[in-house]
Structures are given as structure tokens and as C-alpha cells.
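Here is the structure we will look at, set down as C-alpha cells.
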Amino acid sequence: MSRLKKTLFSTRTMTVLLLLYAISMAVATFVENDYDTATAKTLIYNATWFEVLMLWLILLFAANIRTYRLTRREKWPILIFHLAFIFMFIGGAITRYISFEGQMPIKENQTTNEIISDLTYFKLLVTDGNKTISYDKKPYMMSYFNAKDTKWPFKRTYEQNYRFDDKVISLKTLDYIPMAKDSIRTTELGKKILNIVTVGQGGRVDNYISEGEIENIDGTIFSFKKPFPGVVQLSEKDGDMMISLPSDGQYMSMEGQQVGVVTDSTLLAQQSGNMKANETTPLNHRALYTVNNTSFIIPKAAFKGERVYYSGDKNDPRDKNLLEVNQLELSSGNERDTLFIRGGKGVTEFDKTLMINGLNVSLGFGSKILYTDFQLRCDDFLLERYPGSNNPSSYESTITVIDKGTENQHHIFMNNVMDYRGYRFFQASYFPDESGTILSVNADRWGTNITYFGYFLLFGGMFFTLFWKGTNFWKLNDALKKIHKKSLILLPFLLFFGLGTGINSSFAQNNNVQTKDSTVISQQKPRPDVQFARPDELGSNRIIDPEHAEKFGHLLVQDFQGRIKPMNTHTLELLRKIHKKDTYKKGSASISSDQWFISMQVDPGYWANEPLIKVGQKGGDQLLKETGANAEGYTSYANLVDPNTGIFKLEKQDNKSFSKRKADQTNYDKGVIEVTERFNIFSNIAFGYYTNVVPVKNDPAQTWISWIYSSDENTVEIDSTAYALLTPYFNGVKEGLTTRNWNNADKSIENISKFQQVWGEDIVPSESKVNLEILYNHLNSFFWLMIVYSFLGMAMIILGFAEVFSSGSKYNHIIRTLTKILLGLMIIALTFQALALGVRWYLSGHAPWSNGYEAIIFISGIGVVAGLLLYRNRNAFIPAAGALVAMIMMGFAMEAPCSIHKLHLWNRS
């Protein structure tokens, strides 16, 4: 027994299990990518063997704390590391078994306490006419392993018995068709099938029902040759089709009409009228029937055939949201029936109803309704759009919580959640008709907090494991110093780790501006000739004079957060957002952000044909093809506009993708949203919405405005003061491009700058601060620091090995001297990093860890400091680790928005 215990709880066993855990997570990632999340959960995350694995690891970590006496001070880093895994596994278990997630759709001015669960269930509603019982307690997730062609040992079948008094109903799954499509195949071996055409707001829809089936069509239950109470009964009598409605209805014959025009009023009146409930009459294949708000026509007689289901294309966005179809076998007593039901996450209705063994059974698969003991009311739902387009930019909800007679109002929007009584509500999506909000609900306070605490301990444990005296890493460092170069060479391993952080960006709302000297214009998109160059007016020269661009870069502009900054900062942020680079390469020329922005103001048509907009690989080959991207992943504004209609090509897909909650957005959806954002920024730059360089006179809010802006009353308005200041500048730019004489453009900049100093004197930064910010932009400090740290880290690793293997030789002194020189360079780099962060602090007015980008840069510096402090004249591996950690973290930071204030998009509120 003791030998078995020793084997089960040995360090070797823990190593094997951790390796198995890591491999399992990697496999799950590939399975999720190739199949879907449900299959990955079925195979790994929710599998019993994986639960046993995690429980086993928890017990092993706990046992090791006692076995190796990890509570001793010198063992604290390892103790923290063990506790981290224990807390993460416990938090995950709480999330899995106790917590739940779901969605709460709420129409405006409506109140609800219903949550649609994310978990799915087989749901039965059984009645014998006297008693009704609902069965929906056991969650189950259908996956590819439920498909009929799946082989052992992966084949899974859901089987469940439901007892109703002395009767038992057995349910068994036979097949699973994800993203299901269907077609009707004519065959003499099939059952009789009727085509039921429904007519509604969505237009004409073809539905099919086979004999012996009961179908829910457009909210009304139909049965074909299967008597059932309360449904539209379709039957045959002496070879003729008969119809009976469950409630009073109407019918209107198509005879006497031709393409909607009455041609024979007498015949039309004779074959139209009312139908009484449960009255069986011959079916008229030319009549439109209406019952329970469902209008339908059965245009032809029944034919023999079969319904064939098949899976859609998971790479086709149109098929992504299709429901799954499950083939089931239902039996009770001596009766047995096979049926197909549609369902999936978010579906709450029953799909089929049938009679079996004297019981009326309604059957469905999907989510179930959960109830809170408080209610939410949607007071208002606001969807913001980009100017001049139908593409959404942000949305928010005003929600009132009604609990025990008290009401509290909350605003929920991107990155602003509502926590209430253990529930967390996120702004996830909205109704397609924009009539209400869809909130994502998470009831996992304990699971989430415990898991995050585990992550915190994991980071702390990994950090101190590298640097805490007495750890194996520290002992390895001492041992390496004693190895002679002729001894057996051991290959030490250095553990590097990095941090990634998701940077969520939100959209800000622009202050409403309307001045007395504004002129309303009627055009949706104004195109004054004085601003945009006429065709061929500029010739072949499109590159702005560098000296003039530098002067323009010193001009001040107000961003949508109210910060006054140099135009150079503003244009850099915009070009980085659209192009993902600081400059634009045109042949051998390198065009700066200032040159590009100026040229965009007077000649956007030229730039509309340049491959400026980054598409990237996130949306896959399909998005690259749809946008006409080149081999480098860039496309032009013109490629994104339909030449026949002038409409943004991705508008419909963007509305669809944007309305999804983030957890349901595919990489294609995210790619579409990003391209749409860049498209709209480009458009807004061209029309002048990002040129807020003119202070509004005597405005207590200190608002600066462009020549064009938007108000609550009008989408497009022109400010005459700003127009008078900027028009001469635009003319001067066009003159400079054609004659190479930039004097008038330079003079216009001086006039605008003087106007700023007079009417914005209370908020304009000093000249020295402007120059410092432009210098900060040009230096691109943190990018070059990343390069320096990578060089220093790799060089110090080489010197670390050389120092170990040269112990006692005449070269050891030289190596240690070189190490100290590199340490000095690292201190200089760290000092430069601290100065750059200090400059950022001074320019932005907030501490340099206020957003994700700044936090990563700041923490990377802490890693370098730790490596230097723990060096203490020992081996160079420790400061090398600090430098390489800083390099890795800065690499992550380069992918995050790095503007001193985050770039926000213009909107109309």
C-alpha cells in the first residue's frame, strides 16, 4: 500500500501529469480550431479523465507542501508556485460545477428577470391531459463525437430515461449534424411530404413536413396525417387533402387575382372567407390561409421524398450561426419513433411534439430559462454610428435594477460592467432591429476571484523562483561557477517567461458643439471645391514638403478626450491605427504621418487608391479576398467601396459581427470589425473630422473644432470661423504642391497658431512641452530599448556560459570585465527607460501605468531592476533573464495601442 502511495504521489508522477496536462491543453486548442468549442470541451475540458487529472494534481501539490516542507522560508517561492496551481484548479472547479453564464435580452421599456443559459439541455414537456411534468435538469453538450460515423472509442451517445407515473420514456441520440442545412430529395421509397410556404416580414419561406410528423412552423404547430389536438391538421380522405384549423381563421383564394390585381371579383369572393375552429374542409392549393398570425399556402399536392440534412461550411460566415440538428430515438412501452430536432445554444422553444404511449411529448434541445429574484428594465439603448455611414461604432444601455420595491439605475457599455448580488452584467450584443439590448450574465464571483488569485500567485512564484536565495535556480547558479572547463559539461536551462495582457479599447463620445456662426449645409457629405483638389490640379506631385510638414506637426490639435497635443502626435496615432506603421512607403520615398495627413486633407481621392488600410491575417483568406488585399495584407479605400452603389462592401457583415457578443465573435468577425474601424477613420480624416485645431471663442468648455462637425440637430455642419482659417491653408497646400512655393501655407499655419494662442491661452501647452513631445515621438524610445535589451540579454547569456567554463583561467578576468561593461550599459538603458516613462508622465498628466501599454513597459523595467539588484557579483544569468523578460514584454506592448491618450473615434452624440 505504501509503495502504491509513493508511486501515485511521487515527483516523477507529478512531472508526467503536468506534461500530460500541457499536451492536453495544446490538443484542445487544435481541436477547437479544426472543429468547434463543444468538441474540445467534450474531448478534454469537460471529460471525466481531465477532471481526475486536475484533482490528482491538486492532491499532489498539497502532498508536496508537506513532503518537502515548503513552509520553510527558503522554500517560499516553491510554496507560492504550488498554491497557485491549487487555487487555479479550485477556481476552475467552482466555475464548472457551481457557476453559470447566460444572456439576458431586454427590449427597450420592458422588464425581465429571465436569463437564457449558455448550457444546453434535452428538454421534454410531458402530459397525459391531467398532469404535466417538465424535464430539463441535466445539461448536455452535443459535439462531433455524437455523429453516427464516429468510431469507438470517441463515439458518444446520450441516453436518458424519464419516468412519468408508471410509464418510462427513453431518449437516445443517433446522429449529430452541426450548422445543419437540409434539402428535399424526391424518391418513391420516401414518405409523403407537403410543401408549406409561409409568408411574413421575412418574405416567402419554404417549409416541409413529412407524413406522421408534427412541426413548429413560424410559431404554429402543423401535423400531417398524425391526429393531434390544438394543431393545424393536414390529412387525406379518399385521395384528397383536408385541412382543419385549431382556432378560427381565414382563407383567401389566389384565383380571381393576377400579380396582386383582382381580375374576377366574383370568383375571388366565392373562394375566400372564414374558417371555424376544428372544421375539416378540403384543402385549396390556391388559397392563402391565416391562423394565429401565421399566413401560409400549400401550393401543390403531397409528393414522395425524404429530407436530407448536411453540415454547412464552418469557414463560411453565413453558415456559422446555423442551428444544429440532432437525430433522436424516442421510445415508450412498445412504441418507438425516430425524429430530427433543431436546436443549440440560445434556443428555448420546443421543436417537435408527438404522441407516444398515450403521452403528449414536446421535445427540444437548447438553452433553458433561469430566473433571478430581481428584475432589470431597459430604459434606453443607444447605438452610435460612424459619421456618414451605417456602421456601428459603440453601444450602451441604461438599465434599472428593480429589487424589493427599490430602483437603481446603471449604465452598461464597453468595459463598464454592472455587478449586482453576485451577478456580473456585460454589454454583449443587441437586437438586429436595435430595439433593445442583450446582456451577458456571469454568476461566477467566487470562481473568477479564486482563479485570478491563483494567477497572481503563479506570477509571484515564477518571479521569486528565479531570484530567491535557496531555490534550485539559485543553487544551479552556484554549481555552475564550480564547474571546471575539463569537467563533464552540463547544459543548464534558463526559464524565460513573458506576460501578455488583453488591451481593451473603448470609444469616447465627442462633446456636442454648435456655435452662433455656423452654417448648416444640406449635403450628407460636403465636398467644397476650395478644400479638395480638382482632378489633375496637382499634377504628379503628392509629397508634402518635409520642412512644411515639420511646421504643421508643431500645430496644436484637440483630441476627443479634450487633450491639446501637437499635430505630429495626432497624425502618428491615426496612421498607426490605419496602417500599423509610423510611415508610408511609396516606392523609394518614405512619407511621414504629417505629410500623409496634410495630403489627405486636399487630395483624398489619390490616397483612396493607395494600399494603406491594414487587413492582416486575423480574418483569414476569405477577408483578404473580400477586401482585395495585396500580398502584404493591405488594401485601399476604393477596394472597400462598391463602385456601383458607393456603399461599404462589408457593411452588412460588420453590422452582423458587431452585434455579436465578444465571446461569440470569430476571428473573421474581429477582422471585419477592425477593417471597418480603419475604413471609417480614413473617411473621417478625408472629410475633416480629425482637424480640431480652431478654439471656439469664449467657450467655457474650452472646445476646439474643425471646419466640419456634427450636432444633435444636423449630421453635418460647417463652422464659418474655422472654415475661414482653414480654407486659406488648404489653398496654400495646393499651391505648394503645384509651384513648390510653401510661403502661403506656412503663413496660414502661423495665423492658425496665433488664433490658438489667443482663444486657447488657458489650455495650450508651452512651446518647450510641444517640442519635447515631438522629440519623444521621433525617438520611439521603447522600440529601441527592446532592441537594446535583446542584445544585452543574449550577450550576457554568452558571457555567463563563458564565465562558468573559464573559471580559473586567465580569460576569466576579461569576461567579468565585459560583464560589468554590459551591466553598465543595462543601467544606462534602464535610466533611459525611466526618463522616457517620466517624460510620458509629464506629457500625459497621469502615472505611466494607467493603461495596458504603459503597465507592460513599467513592469518590464521592474524586471530589469530585479535582475540588477539580485546580481551581487554573481553569474550573469540573473540580469540576462531580467533583460530578456523586458524584451519579451516590450514585444507584447508594441502590439498594444501606445498613444499617450488612446485613440478614440468620432461619433455624433
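As shown in the C-alpha cells, the chain order sets the letters A, B, ...; within each chain, residues go from 1, and ligands are also counted from 1 in the order they appear.
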Exercise. Could you name the residues that touch region 133-141 of chain A at 6 Å or less, counting only C-alpha atoms, but leaving out those on the same chain fewer than 4 positions away, as a list in words?
Worked result: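 Final neighbour list, sorted by chain and number: Thr120, Tyr121, Lys123, Leu124, Leu125 and Val126 of chain A.
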Those residues with C-alpha atoms, as a PDB file, in the first residue's frame please?
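Done, and the output landed in again.pdb:
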```pdb
ATOM      1  CA  THR A 120     -27.736  23.232 -23.355  1.00  0.00           C
ATOM      2  CA  TYR A 121     -30.272  20.578 -22.330  1.00  0.00           C
ATOM      3  CA  LYS A 123     -35.939  19.343 -22.743  1.00  0.00           C
ATOM      4  CA  LEU A 124     -39.153  17.366 -22.519  1.00  0.00           C
ATOM      5  CA  LEU A 125     -42.623  18.534 -21.574  1.00  0.00           C
ATOM      6  CA  VAL A 126     -44.844  15.513 -20.961  1.00  0.00           C
TER       7      VAL A 126
END
```
Non-local contacts of region 583-593 of chain A (12 Å; only C-alpha atoms; under 4 positions in same chain excluded) as a CSV table (one decimal) with N, CA, C and O atoms, in the first residue's frame:
```
chain,number,residue,atom,x,y,z
A,542,ARG,N,2.6,64.5,-55.1
A,542,ARG,CA,1.7,64.4,-54.0
A,542,ARG,C,2.5,64.4,-52.6
A,542,ARG,O,1.8,64.3,-51.6
A,543,ILE,N,3.8,64.6,-52.7
A,543,ILE,CA,4.5,64.6,-51.4
A,543,ILE,C,4.7,66.0,-50.9
A,543,ILE,O,5.2,66.9,-51.5
A,544,ILE,N,4.2,66.2,-49.7
A,544,ILE,CA,4.3,67.5,-49.0
A,544,ILE,C,5.8,67.8,-48.6
A,544,ILE,O,6.5,66.9,-48.3
A,545,ASP,N,6.1,69.1,-48.7
A,545,ASP,CA,7.5,69.5,-48.4
A,545,ASP,C,7.8,69.1,-47.0
A,545,ASP,O,7.0,69.5,-46.0
A,546,PRO,N,8.9,68.4,-46.7
A,546,PRO,CA,9.3,68.0,-45.3
A,546,PRO,C,9.3,69.1,-44.3
A,546,PRO,O,8.9,69.0,-43.2
A,547,GLU,N,9.9,70.3,-44.7
A,547,GLU,CA,10.0,71.4,-43.8
A,547,GLU,C,8.7,71.9,-43.4
A,547,GLU,O,8.4,72.3,-42.3
A,548,HIS,N,7.8,72.0,-44.4
A,548,HIS,CA,6.4,72.5,-44.1
A,548,HIS,C,5.7,71.5,-43.2
A,548,HIS,O,5.0,71.8,-42.3
A,549,ALA,N,5.9,70.2,-43.5
A,549,ALA,CA,5.3,69.1,-42.7
A,549,ALA,C,5.7,69.2,-41.2
A,549,ALA,O,4.9,69.0,-40.3
A,550,GLU,N,7.0,69.6,-41.0
A,550,GLU,CA,7.5,69.7,-39.6
A,550,GLU,C,6.8,70.9,-38.9
A,550,GLU,O,6.5,70.8,-37.8
A,552,PHE,N,3.8,72.0,-39.6
A,552,PHE,CA,2.5,71.5,-39.4
A,552,PHE,C,2.4,70.6,-38.2
A,552,PHE,O,1.5,70.6,-37.4
A,553,GLY,N,3.5,69.8,-38.0
A,553,GLY,CA,3.5,68.9,-36.8
A,553,GLY,C,3.5,69.6,-35.5
A,553,GLY,O,3.1,69.0,-34.5
A,567,MET,N,0.1,68.3,-33.5
A,567,MET,CA,-0.4,67.5,-34.6
A,567,MET,C,0.4,66.3,-35.0
A,567,MET,O,-0.1,65.3,-35.5
A,568,ASN,N,1.7,66.4,-34.7
A,568,ASN,CA,2.6,65.2,-35.0
A,568,ASN,C,2.1,64.0,-34.2
A,568,ASN,O,2.1,62.9,-34.8
A,569,THR,N,1.8,64.2,-33.0
A,569,THR,CA,1.3,63.1,-32.2
A,569,THR,C,0.0,62.6,-32.7
A,569,THR,O,-0.3,61.3,-32.8
A,570,HIS,N,-0.9,63.5,-33.1
A,570,HIS,CA,-2.2,63.1,-33.6
A,570,HIS,C,-2.1,62.3,-34.9
A,570,HIS,O,-2.8,61.3,-35.1
A,571,THR,N,-1.3,62.8,-35.8
A,571,THR,CA,-1.2,62.1,-37.1
A,571,THR,C,-0.5,60.7,-37.0
A,571,THR,O,-0.8,59.8,-37.7
A,572,LEU,N,0.5,60.6,-36.0
A,572,LEU,CA,1.1,59.3,-35.8
A,572,LEU,C,0.1,58.3,-35.3
A,572,LEU,O,0.1,57.1,-35.7
A,573,GLU,N,-0.8,58.7,-34.4
A,573,GLU,CA,-1.8,57.8,-33.8
A,573,GLU,C,-2.7,57.3,-34.9
A,573,GLU,O,-3.1,56.1,-35.0
A,574,LEU,N,-3.1,58.3,-35.8
A,574,LEU,CA,-4.1,57.9,-36.9
A,574,LEU,C,-3.4,57.0,-37.9
A,574,LEU,O,-4.0,56.0,-38.3
A,575,LEU,N,-2.2,57.2,-38.3
A,575,LEU,CA,-1.5,56.4,-39.3
A,575,LEU,C,-1.2,55.0,-38.7
A,575,LEU,O,-1.4,54.0,-39.4
A,576,ARG,N,-0.8,55.0,-37.4
A,576,ARG,CA,-0.6,53.7,-36.7
A,576,ARG,C,-1.9,52.9,-36.7
A,576,ARG,O,-1.9,51.7,-36.8
A,577,LYS,N,-3.0,53.6,-36.5
A,577,LYS,CA,-4.3,52.9,-36.4
A,577,LYS,C,-4.7,52.3,-37.7
A,577,LYS,O,-5.2,51.1,-37.8
A,578,ILE,N,-4.5,53.0,-38.8
A,578,ILE,CA,-4.9,52.6,-40.1
A,578,ILE,C,-3.9,51.7,-40.8
A,578,ILE,O,-4.3,50.6,-41.3
A,579,HIS,N,-2.6,52.1,-40.7
A,579,HIS,CA,-1.6,51.4,-41.5
A,579,HIS,C,-0.7,50.5,-40.6
A,579,HIS,O,0.1,49.7,-41.2
A,597,PHE,N,-1.1,63.1,-43.6
A,597,PHE,CA,-2.3,63.7,-43.1
A,597,PHE,C,-2.6,65.0,-43.9
A,597,PHE,O,-3.8,65.2,-44.3
A,598,ILE,N,-1.6,65.8,-44.2
A,598,ILE,CA,-1.9,67.1,-45.0
A,598,ILE,C,-2.4,66.7,-46.4
A,598,ILE,O,-3.4,67.3,-46.8
A,599,SER,N,-1.7,65.8,-47.0
A,599,SER,CA,-2.1,65.4,-48.3
A,599,SER,C,-3.5,64.8,-48.4
A,599,SER,O,-4.3,65.1,-49.3
A,600,MET,N,-3.9,64.1,-47.3
A,600,MET,CA,-5.3,63.6,-47.2
A,600,MET,C,-6.3,64.7,-47.2
A,600,MET,O,-7.5,64.5,-47.7
A,607,TRP,N,-5.3,59.1,-52.2
A,607,TRP,CA,-5.0,58.1,-51.2
A,607,TRP,C,-6.0,57.0,-51.1
A,607,TRP,O,-5.8,56.0,-50.6
A,610,GLU,N,-4.5,54.0,-52.7
A,610,GLU,CA,-3.3,53.5,-52.2
A,610,GLU,C,-3.5,52.4,-51.2
A,610,GLU,O,-4.5,52.4,-50.4
A,611,PRO,N,-2.7,51.3,-51.2
A,611,PRO,CA,-2.9,50.2,-50.3
A,611,PRO,C,-2.5,50.6,-48.9
A,611,PRO,O,-1.4,50.2,-48.4
A,612,LEU,N,-3.3,51.4,-48.2
A,612,LEU,CA,-3.0,52.0,-46.9
A,612,LEU,C,-3.6,51.3,-45.8
A,612,LEU,O,-3.1,51.3,-44.7
A,613,ILE,N,-4.8,50.7,-46.0
A,613,ILE,CA,-5.5,50.1,-44.9
A,613,ILE,C,-5.1,48.7,-44.6
A,613,ILE,O,-5.1,47.8,-45.5
A,614,LYS,N,-4.7,48.4,-43.4
A,614,LYS,CA,-4.2,47.1,-42.9
A,614,LYS,C,-5.4,46.1,-42.8
A,614,LYS,O,-6.4,46.5,-42.1
A,634,TYR,N,-2.5,44.5,-47.2
A,634,TYR,CA,-3.0,45.9,-47.2
A,634,TYR,C,-4.0,46.0,-48.4
A,634,TYR,O,-3.9,45.4,-49.4
A,777,ASN,N,8.2,61.5,-29.7
A,777,ASN,CA,7.6,60.7,-30.9
A,777,ASN,C,8.7,60.2,-31.8
A,777,ASN,O,8.7,59.1,-32.3
A,778,HIS,N,9.6,61.1,-32.1
A,778,HIS,CA,10.7,60.8,-33.1
A,778,HIS,C,11.6,59.7,-32.6
A,778,HIS,O,12.1,58.9,-33.3
```
Near region 419-433 of chain A, 12 Å: region 317-386 of chain A residue rows, closest pairs, only C-alpha atoms, as a tab-separated table:
```
residue	atom	partner	partner_atom	distance
A:Thr372	CA	A:Tyr423	CA	9.5
A:Asp373	CA	A:Arg421	CA	10.0
A:Phe374	CA	A:Arg421	CA	9.5
A:Gln375	CA	A:Tyr420	CA	11.2
A:Leu376	CA	A:Phe425	CA	10.7
A:Cys378	CA	A:Tyr430	CA	11.7
A:Asp380	CA	A:Tyr430	CA	11.9
A:Phe381	CA	A:Tyr430	CA	8.7
A:Leu382	CA	A:Tyr430	CA	9.9
A:Leu383	CA	A:Tyr430	CA	9.1
```
Exercise. Quick one, how far is CA of Leu70 (chain A) from CA of Gly92 (chain A)?
Worked result: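 Spanning CA of Leu70 (chain A) to CA of Gly92 (chain A) is a straight-line distance of 24.2 Å.
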For this session: Would you kindly return, as a PyMOL selection string, each protein, DNA or RNA residue with an atom no farther than 10 Å from any atom of Gly200 (chain A), considering only C-alpha atoms and excluding same-chain residues fewer than 5 positions away?
Result: chain A and resi 205+218+293-296
For this session: Identify, with DSSP run on backbone atoms, the residues in region 549-594 of chain A assigned to strand (DSSP E), and express the list as an MDAnalysis selection string.
Result: chainID A and resid 556:558 564:566 584:586 589:591
Write a file of the just-selected residues containing N, CA, C and O atoms, as a PDB file, in the first residue's frame.
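Saved to part11.pdb:
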```pdb
ATOM      1  N   LEU A 556      -1.082  72.802 -32.937  1.00  0.00           N
ATOM      2  CA  LEU A 556      -1.795  72.108 -31.869  1.00  0.00           C
ATOM      3  C   LEU A 556      -3.168  71.643 -32.345  1.00  0.00           C
ATOM      4  O   LEU A 556      -3.785  72.261 -33.214  1.00  0.00           O
ATOM      5  N   VAL A 557      -3.648  70.550 -31.749  1.00  0.00           N
ATOM      6  CA  VAL A 557      -4.945  69.987 -32.074  1.00  0.00           C
ATOM      7  C   VAL A 557      -5.553  69.429 -30.803  1.00  0.00           C
ATOM      8  O   VAL A 557      -4.820  69.008 -29.883  1.00  0.00           O
ATOM      9  N   GLN A 558      -6.857  69.423 -30.713  1.00  0.00           N
ATOM     10  CA  GLN A 558      -7.541  68.854 -29.544  1.00  0.00           C
ATOM     11  C   GLN A 558      -8.115  67.499 -29.915  1.00  0.00           C
ATOM     12  O   GLN A 558      -8.828  67.359 -30.905  1.00  0.00           O
ATOM     13  N   ILE A 564      -4.926  68.759 -25.472  1.00  0.00           N
ATOM     14  CA  ILE A 564      -4.278  69.553 -26.506  1.00  0.00           C
ATOM     15  C   ILE A 564      -2.891  68.955 -26.736  1.00  0.00           C
ATOM     16  O   ILE A 564      -2.098  68.830 -25.808  1.00  0.00           O
ATOM     17  N   LYS A 565      -2.604  68.615 -27.988  1.00  0.00           N
ATOM     18  CA  LYS A 565      -1.336  67.950 -28.290  1.00  0.00           C
ATOM     19  C   LYS A 565      -0.838  68.396 -29.651  1.00  0.00           C
ATOM     20  O   LYS A 565      -1.615  68.939 -30.466  1.00  0.00           O
ATOM     21  N   PRO A 566       0.438  68.149 -29.936  1.00  0.00           N
ATOM     22  CA  PRO A 566       0.953  68.503 -31.264  1.00  0.00           C
ATOM     23  C   PRO A 566       0.292  67.669 -32.348  1.00  0.00           C
ATOM     24  O   PRO A 566      -0.050  66.510 -32.141  1.00  0.00           O
ATOM     25  N   TYR A 584       4.586  55.721 -44.362  1.00  0.00           N
ATOM     26  CA  TYR A 584       4.035  55.011 -45.524  1.00  0.00           C
ATOM     27  C   TYR A 584       5.085  54.997 -46.623  1.00  0.00           C
ATOM     28  O   TYR A 584       5.642  56.047 -46.983  1.00  0.00           O
ATOM     29  N   LYS A 585       5.397  53.810 -47.132  1.00  0.00           N
ATOM     30  CA  LYS A 585       6.393  53.668 -48.176  1.00  0.00           C
ATOM     31  C   LYS A 585       5.726  53.768 -49.546  1.00  0.00           C
ATOM     32  O   LYS A 585       4.812  53.008 -49.866  1.00  0.00           O
ATOM     33  N   LYS A 586       6.191  54.733 -50.331  1.00  0.00           N
ATOM     34  CA  LYS A 586       5.711  54.902 -51.703  1.00  0.00           C
ATOM     35  C   LYS A 586       6.921  54.808 -52.612  1.00  0.00           C
ATOM     36  O   LYS A 586       7.658  55.787 -52.812  1.00  0.00           O
ATOM     37  N   ALA A 589      10.346  56.414 -51.610  1.00  0.00           N
ATOM     38  CA  ALA A 589      10.068  57.528 -50.695  1.00  0.00           C
ATOM     39  C   ALA A 589       9.405  57.022 -49.422  1.00  0.00           C
ATOM     40  O   ALA A 589       8.593  56.099 -49.443  1.00  0.00           O
ATOM     41  N   SER A 590       9.756  57.667 -48.321  1.00  0.00           N
ATOM     42  CA  SER A 590       9.142  57.367 -47.030  1.00  0.00           C
ATOM     43  C   SER A 590       8.344  58.586 -46.604  1.00  0.00           C
ATOM     44  O   SER A 590       8.912  59.650 -46.319  1.00  0.00           O
ATOM     45  N   ILE A 591       7.042  58.461 -46.585  1.00  0.00           N
ATOM     46  CA  ILE A 591       6.141  59.580 -46.297  1.00  0.00           C
ATOM     47  C   ILE A 591       5.792  59.573 -44.819  1.00  0.00           C
ATOM     48  O   ILE A 591       5.287  58.577 -44.284  1.00  0.00           O
TER      49      ILE A 591
END
```
Exercise. What lies within 8 Å of Tyr452 (chain A) using only C-alpha atoms, ignoring chain neighbours under 4 positions off, as a PyMOL selection string?
Worked result: chain A and resi 88+448+456
Exercise. When distances are computed from only C-alpha atoms, which of A:Ile438, A:Ala287, A:Val885, A:Met14 shows the smallest separation from Ile106 (chain A)?
Worked result: A:Ile438
Problem set entry | Proximity to Thr157 (chain A) - best of A:Ile94, A:Thr42, A:Leu322, A:Gly364, only C-alpha atoms |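 Of A:Ile94, A:Thr42, A:Leu322, A:Gly364, the one nearest Thr157 (chain A) is A:Thr42, counting only C-alpha atoms.
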For this session: Run DSSP on the backbone and grab whatever in region 196-334 of chain A lands in alpha helix (DSSP H); send it over as a ChimeraX atom specification.
Result: /A:265-270,317-320
Problem set entry | Using only C-alpha atoms: which of A:Tyr853, A:Tyr842, A:Phe365, A:Phe782 has the shortest distance to Ala829 (chain A) |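 For Ala829 (chain A), the nearest of the given residues is A:Phe782.
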